[in-house]
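Peer 1: Please see the structure below; I have some questions.
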2 protein chains.
Amino acid sequence: VYAERMRRVAASAIMELIKTTAGGSYISFASGLPDPSLFPSEALRECADAVLSSASAPALQYGPAEGYPPLREAVAALLSRRGLETNADQVLITSGSQQALDLAGRALLDPNDGVAIESPSYLAALQIFDSLQARYHAVEVDGEGPLPTHLTVALSHRPKLLYLLPNFQNPTGTTMSLGRRQAAAEQAASAGVAVLEDDAYHDLRYDGEPLAPVAALAENPWAIYTGTFSKTIAPGVRVGYLRADRRLIERLAHLKQITDLQAGSLAQRIVFEYLTRGHLEPGIERFREVYRRRRDLMLGALQEHLRGAATWTRPAGGMFIWVTLPAEDAERVLEGAMRRGVLFVPGSTFHVDRTGGRGRNTLRLNFVSPTEDQIQQGIPLLAEAIRETQG
Amino acid sequence: VYAERMRRVAASAIMELIKTTAGGSYISFASGLPDPSLFPSEALRECADAVLSSASAPALQYGPAEGYPPLREAVAALLSRRGLETNADQVLITSGSQQALDLAGRALLDPNDGVAIESPSYLAALQIFDSLQARYHAVEVDGEGPLPTHLTVALSHRPKLLYLLPNFQNPTGTTMSLGRRQAAAEQAASAGVAVLEDDAYHDLRYDGEPLAPVAALAENPWAIYTGTFSKTIAPGVRVGYLRADRRLIERLAHLKQITDLQAGSLAQRIVFEYLTRGHLEPGIERFREVYRRRRDLMLGALQEHLRGAATWTRPAGGMFIWVTLPAEDAERVLEGAMRRGVLFVPGSTFHVDRTGGRGRNTLRLNFVSPTEDQIQQGIPLLAEAIRETQG
């Protein structure tokens, strides 16, 4: 009875892990959640209050599928400041960046269409492409992002879409170098391949200067750039955005209208009020400070307890550290870690072929959800579990 | 470059009408919007304030794809009171009922799958089924809903889905009789056809007692029932729901997670707070009183100004009156009405074959958006435009 697309729609390994461990008291490096203690509740309460006190009717009424016009303007200004010149009519407001990715995929992908994608990559994007019955052209990554030779091969298959996470990639934490961004942008444009650039973590940068978005580095009418306020304000408001060519936005807005009419008017106006009051930058700074300290603490703890037993990435931002073990025993390490009350996500789940055995020697650690105490307690326990498997 | 599904994704005639007339000052019977002056702004402001004041972190964090558990409970209780016994695990919270319909369609429909559907029917549902490349089995309607003989023929084609709007159908305002509900429920169940029952207008009943939902009238593991708080609280919060068998909910939740992760945590908790404080029933009563008066006023004005020149439905609830003209000149009437500053939607746009010429003698009038003054001014002008085409 189910549609064909449902064959490849299922709960993720992460969701399953979260469900099975919901009762217990674990130190979790598994989730992808921001730290809720940093959410700007009081500022949002004031914004909600203001939105619902004055001229509240439009905030509660239906609105345009493209989004609340002043918020589209504000997002355009924000992206222009990132070096990606954007007009308001190039912005679609979405229900989080997950929806931005889903809409882009649905607009472009027929069953069996090719998607060039880093492997490992963002699990929920893989789930979207799975549900669209895509074929994958996997691109291996190193510390600078997708390997140019692999990317060239992947693009030579003429995929419909190249999916990239240039900043602090989930799951590896890797940032794509400027040279590779430039090359990828140019190659995709000249091959006529759409680029779907997922920049959800853009503002969570702890070191160095921001690099130009891929979308800014070549003329490509099919360049799609997505972002969100989930990491810089709070996920519970569900406000993200998609930036693309004006004509593409128009088509995507039709699809958005069919999907859920529009992002919530109330949520959009609360976010707009938050931006207007100047809360965004100070709020981002708070996230950055706390997350930077946790990253440094986790890197230090890994250095202290795992030196010689594993290697790991040193992300310049984002939420994740990627650990590589000498042997393919991440699943066994997870068992040992769970016995010690520690959770993480084994890396194989982020690969294009989730059951194919790639990445079995890797683990993803979230360093922003746990407290400093939990990091200091949890990493030694994880290290014990790793050393145990190594005999 | 676009996916095949995009061929049948476009702006609706209604959206186009709204866009082209956005600058002018029209009396509009065209839209499908509730009256924003009735939105419970102050109650919602208090609810938002409460949600964001105490224990606000979970209201701003990610939550389960299925929805906020207490809200699922509350919706289950609400549906049980409607005579549709429901457990919380049979409820999926969605971003409005539009998304509920879209998720149901995506879960069940492959390209060229059949959909049995009233013609005319809800335009945005037609757009969903179009985007899923469905084939239609149109079912004619009369004053009691879908004609049994037509329904039997449609079901004999073994469609995947039967889409029904039993209460105050958009666009005709018709309520399906209990006998026809019973027969449709039984026939669909025995044919193994999924029923997608759209009950968005349930609480906007102005006369008589509620009838049992189709989903309550036969055992059908593929009975899907959708509803929303858009008409009873406000559309801008974007909170709707879908009720189905527990196993189906589980699959739909996976699809929901891929689509946009979850309905907004903040919006869900504001709605839950609103329900908990007992605002829903008094709020519905306010909508009912005002809308009932407007319906009566419009029916009276039609009687006064259009007697003999047209016929129309007398809806027991909802938002729309359906006018039938003796000749196929609704488009010409629209031109004349627009010259007089009045808008409505010609009926052909609600038919399965939107350009096939069916319904060219019909118009849909929204009686809840215009004020009483606008109804009293607008209907005579509309009558003039109609009589003008009749020479």
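So you can find residues: chains in the structure tokens are A, B, ... in the order shown, residues in each start at 1, and ligands are numbered from 1 in order.
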Enumerate as a PyMOL selection string the residues belonging to chain A that approach chain B to within 7 Å, with only C-alpha atoms taken into account.
Peer 2: chain A and resi 1-4+6+9-11+36-37+39+41+45+48-49+52+56-57+59-62+95-96+98-99+102+107-110+124+127-128+234-238+254-255+258-261+264-266
Peer 1: Which residues come within 8 Å of Leu84 of chain A, counting only C-alpha atoms, excluding same-chain residues fewer than 5 positions away, as a list in words?
Peer 2: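 These residues fall inside the cut-off: Leu79, Ala212, Pro213, Ala215 and Ala216 of chain A.
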Peer 1: Looking only at the backbone, which of the residues in segment 102-340 of chain B does DSSP tag as alpha helix (DSSP H), as a PyMOL selection string?
Peer 2: chain B and resi 102-108+123-131+148-156+178-191+246-260+265-276+280-306+330-339
Peer 1: Run DSSP on the backbone and grab whatever in segment 213-292 of chain B lands in strand (DSSP E); send it over as a list in words.
Peer 2: Ala223, Ile224, Tyr225, Thr226, Gly227, Thr228, Gly240, Tyr241, Leu242 and Arg243 of chain B
Peer 1: Could you save the residues just selected, with all heavy atoms, as a short mmCIF file (atom, residue, chain, number, x, y, z; two decimals), in the first residue's frame?
Peer 2:
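So the final result, stored in selection.cif, reads:
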data_model
loop_
_atom_site.label_atom_id
_atom_site.label_comp_id
_atom_site.auth_asym_id
_atom_site.auth_seq_id
_atom_site.Cartn_x
_atom_site.Cartn_y
_atom_site.Cartn_z
N ALA B 223 -7.54 4.28 7.34
CA ALA B 223 -8.35 5.49 7.54
C ALA B 223 -7.46 6.59 8.12
O ALA B 223 -6.84 6.40 9.18
CB ALA B 223 -9.51 5.21 8.47
N ILE B 224 -7.39 7.70 7.44
CA ILE B 224 -6.57 8.84 7.88
C ILE B 224 -7.51 10.03 8.04
O ILE B 224 -8.30 10.33 7.15
CB ILE B 224 -5.48 9.17 6.85
CG1 ILE B 224 -4.59 7.94 6.61
CG2 ILE B 224 -4.65 10.37 7.29
CD1 ILE B 224 -3.59 8.12 5.48
N TYR B 225 -7.41 10.67 9.18
CA TYR B 225 -8.31 11.78 9.50
C TYR B 225 -7.44 12.98 9.84
O TYR B 225 -6.50 12.87 10.62
CB TYR B 225 -9.18 11.37 10.69
CG TYR B 225 -10.11 12.43 11.23
CD1 TYR B 225 -11.44 12.48 10.80
CD2 TYR B 225 -9.69 13.34 12.19
CE1 TYR B 225 -12.31 13.44 11.31
CE2 TYR B 225 -10.55 14.30 12.70
CZ TYR B 225 -11.87 14.34 12.26
OH TYR B 225 -12.73 15.28 12.76
N THR B 226 -7.73 14.14 9.23
CA THR B 226 -6.90 15.32 9.48
C THR B 226 -7.74 16.48 9.99
O THR B 226 -8.91 16.62 9.67
CB THR B 226 -6.17 15.79 8.20
OG1 THR B 226 -7.13 16.26 7.25
CG2 THR B 226 -5.36 14.66 7.57
N GLY B 227 -7.11 17.29 10.80
CA GLY B 227 -7.76 18.47 11.35
C GLY B 227 -6.73 19.54 11.66
O GLY B 227 -5.53 19.35 11.41
N THR B 228 -7.18 20.64 12.20
CA THR B 228 -6.29 21.78 12.37
C THR B 228 -6.80 22.73 13.45
O THR B 228 -8.00 22.76 13.74
CB THR B 228 -6.16 22.55 11.04
OG1 THR B 228 -5.29 23.66 11.22
CG2 THR B 228 -7.51 23.06 10.53
N GLY B 240 -1.57 21.65 13.09
CA GLY B 240 -2.65 20.76 12.69
C GLY B 240 -2.34 19.36 13.17
O GLY B 240 -1.38 19.15 13.93
N TYR B 241 -3.13 18.39 12.75
CA TYR B 241 -2.89 17.03 13.21
C TYR B 241 -3.45 16.01 12.23
O TYR B 241 -4.30 16.32 11.40
CB TYR B 241 -3.47 16.81 14.61
CG TYR B 241 -4.91 17.29 14.75
CD1 TYR B 241 -5.98 16.48 14.36
CD2 TYR B 241 -5.18 18.56 15.24
CE1 TYR B 241 -7.28 16.93 14.46
CE2 TYR B 241 -6.49 19.02 15.34
CZ TYR B 241 -7.54 18.20 14.96
OH TYR B 241 -8.82 18.64 15.04
N LEU B 242 -2.92 14.81 12.38
CA LEU B 242 -3.33 13.68 11.56
C LEU B 242 -3.57 12.51 12.50
O LEU B 242 -2.75 12.24 13.38
CB LEU B 242 -2.23 13.37 10.54
CG LEU B 242 -2.46 12.25 9.55
CD1 LEU B 242 -1.66 12.52 8.27
CD2 LEU B 242 -2.10 10.90 10.12
N ARG B 243 -4.69 11.83 12.30
CA ARG B 243 -5.03 10.67 13.14
C ARG B 243 -5.10 9.45 12.25
O ARG B 243 -5.74 9.48 11.19
CB ARG B 243 -6.38 10.93 13.82
CG ARG B 243 -6.81 9.84 14.80
CD ARG B 243 -7.80 8.90 14.16
NE ARG B 243 -8.46 8.07 15.14
CZ ARG B 243 -8.99 6.88 14.84
NH1 ARG B 243 -8.94 6.40 13.61
NH2 ARG B 243 -9.60 6.20 15.79
#
Peer 1: Give me, as a PyMOL selection string, all polymer residues having an atom no more than 12 Å from Met298 of chain A, counting only C-alpha atoms and skipping those fewer than 5 positions away in the same chain.
Peer 2: chain A and resi 29+291-293+303-306+312-315+319-323+365-380+382-383
Peer 1: What's the separation between atom CA of Asp89 of chain B and atom CA of Arg246 of chain B, in Å to one decimal place?
Peer 2: 5.8 Å
Peer 1: Pick from B:Leu123, B:Met176, B:Ala183, B:Ile284: nearest to Thr149 of chain B, with only C-alpha atoms counted?
Peer 2: B:Ala183
Peer 1: If we count only C-alpha atoms and set the cut-off at 12 Å, which residues sit around Leu217 of chain B, ignoring sequence neighbours fewer than 6 positions away in its own chain? Please answer as a ChimeraX atom specification.
Peer 2: /B:83-85,178-189,195,211,223
Peer 1: Rounded to one decimal place, report the atom CA of Arg332 of chain B-atom CA of Ser119 of chain B distance in Å.
Peer 2: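 Atom CA of Ser119 of chain B lies at a distance of 22.0 Å from atom CA of Arg332 of chain B.
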Peer 1: Need to verify the contact set: segment 66-77 of chain B, 6 Å, only C-alpha atoms, exclusion of same-chain residues closer than 5 positions in sequence. Can you return it as a ChimeraX atom specification?
Peer 2: /B:86-88,91-93,253,272
